[in-house]
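The next block holds one structure in the form of structure tokens; read it before the comments.
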Amino acid sequence: MTEAWAALVGHHLAEEPELDFDAFLERFPALMDGGLLRRHFSPELLAAPAARAAWVDPDLRPLPAHTSATSPNAPRPTCRLGLGHSGRGLLMHRHSLHEVRAEAFNYVWDNAIPPALEVESGTEVELHVRDAGDEQIGRDSGAEAVGSLDFSHVNPVSGPVFVKDAKAGDVLAVEILELRPGDWGWTAIIPGFGLLAEEFPEPWLRISDVDGDARRVRFAEGVTLPFEPFPGTIGVAKPEPGPHSIVPPSAFGGNLDIKHLRAGTTLFLPVGVEGALFSVGDTHAAMGDGEVCGTAVEAAMDIVVRLSVRRDFSVPAPQYTVAAGELARTEAGPYHVTTGVGPDLMEATRGATRAMIEHLGHIRGLDRQEAYALCSVACDLRIHEVVDAPNWVVGMFLPQAIFDEEGR
Ligand SMILES: [Zn+2]
């Protein structure tokens with residue numbers, strides 16, 4: 001459940017102060033899954049008018065104006081969130097959600113793949129995303145499953161969705177509304193893949209427990225990551241014909257691995273072909289900026305997005321908006337930061353990562369593989385400077401809050 005949903009419910013509460021908890025539950029059964037009610041709406045909160053008023057946070061307005069199809073050229077959304085309507089309107093809205101069937105997925109970008117679904121601009125679409133290992137790794141798997149991965153079917157993307165009226169040169173606005181995980185995910189060091197591939201030749205695997213309700217990912221004894229889900233791969237078909245590898249991203253999106261594409265974010269993609277042919281895959285339960293070992297906490301999820309055509313601007317490559325407060329929310333705790341310094345950005349990045357692996361070994365007692373994987377799922381890379389020639393500075397940020405109290 002997303003903050004947009006939360007805001008929507010907040011508006012209903014504000015408009016109908018007489019609504020009691022049972023009536024509320026009856027009206028919004030869909031909110032029971034995903035744990036939103038438990039996180040945001042205790043019975044006490046719903047019962048106390050003063051608390052309700054305080055809860056209706058102006059920062060949690062649904063759908064900031066810039067994320068909806070407001071351009072005169074953009075078609076009006078066919079399914080609008082039912083603000084000011086009764087809860088029944090909201091349920092009808094959910095029932096009108098368009099769904100891509102679970103078996104519609106592909107291992108390449110190819111604009112000849114027939115659409116799995118055709119929708120009007122402004123429609124909400126639900127897709128069932130398989131994990132990046134395409135179920136080759138299970139909850140009980142060991143490192144040998146990583147060593148024997150069949151790379152001809154990894155990173156499946158669900159779709160494609162044909163958006164009517166989308167033409168090459170338009171922008172497809174993808175509002176990320178909701179991500180619903182299962183209860184586990186995996187992180188692997190895959191031989192030959194990752195920033196420090198030559199230094200980590202052996203396969204390694206970690207299964208994490210994912211708790212979407214509590215918004216926690218248990219990565220290791222004493223190490224708990226915030227559950228911050230997003231799709232690693234999200235994009236539209238390229239104009240060039242034929243199959244294109246799913247691994248590298250392009251100007252049309254794809255395997256972007258941008259952890260900020262969380263619920264509440266709007267991604268703007270350049271449209272390459274008629275109908276855009278949108279697909280999404282590779283959902284992650286947690287990841288640091290950089291994804292240095294090559295994998296995040298890889299987890300299958302259901303995702304809901306709203307797809308709208310925009311013609312009031314164009315983008316040369318993906319752009320996105322992050323809602324107010326979202327960065328601060330996940331960056332509030334203390335950090336330990338390592339740096340790499342040198343004339344090559346990739347080498348400086350490796351330097352910062354090696355230093356963090358050393359730090360995690362010395363201070364936290366992690367072995368090298370676990371430390372490398374933790375850098376990938378929890379630590380954020382940042383470019384500090386690219387002007388003081390000939391040396392550039394890259395930092396790697398370790399959030400201290402991921403360690404249980406005893407370990408800090
Ligand atoms: Zn992934």
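A note on labels: chains of the structure tokens are A, B, ... as shown, every chain counts residues from 1, and ligands are counted from 1 in their shown order.
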
List all protein, DNA and RNA residues that have any atom at most 8 Å from ligand 1, counting only C-alpha atoms and all ligand atoms, and write the list as a count of residues only.
-> 14

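For Pro181 (chain A), the residues within 7 Å (counting only C-alpha atoms, excluding itself and residues fewer than 3 positions away along the chain) are Gly212, Ala299, Ala300, Met301 and Asp302 of chain A.
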
Do you have the CA of Lys259 (chain A)-CA of Val273 (chain A) distance handy?
-> 26.3 Å

Of A:Leu360, A:Ala348, A:Val125, A:Leu366, the one sitting nearest Val393 (chain A) when using only C-alpha atoms is A:Ala348
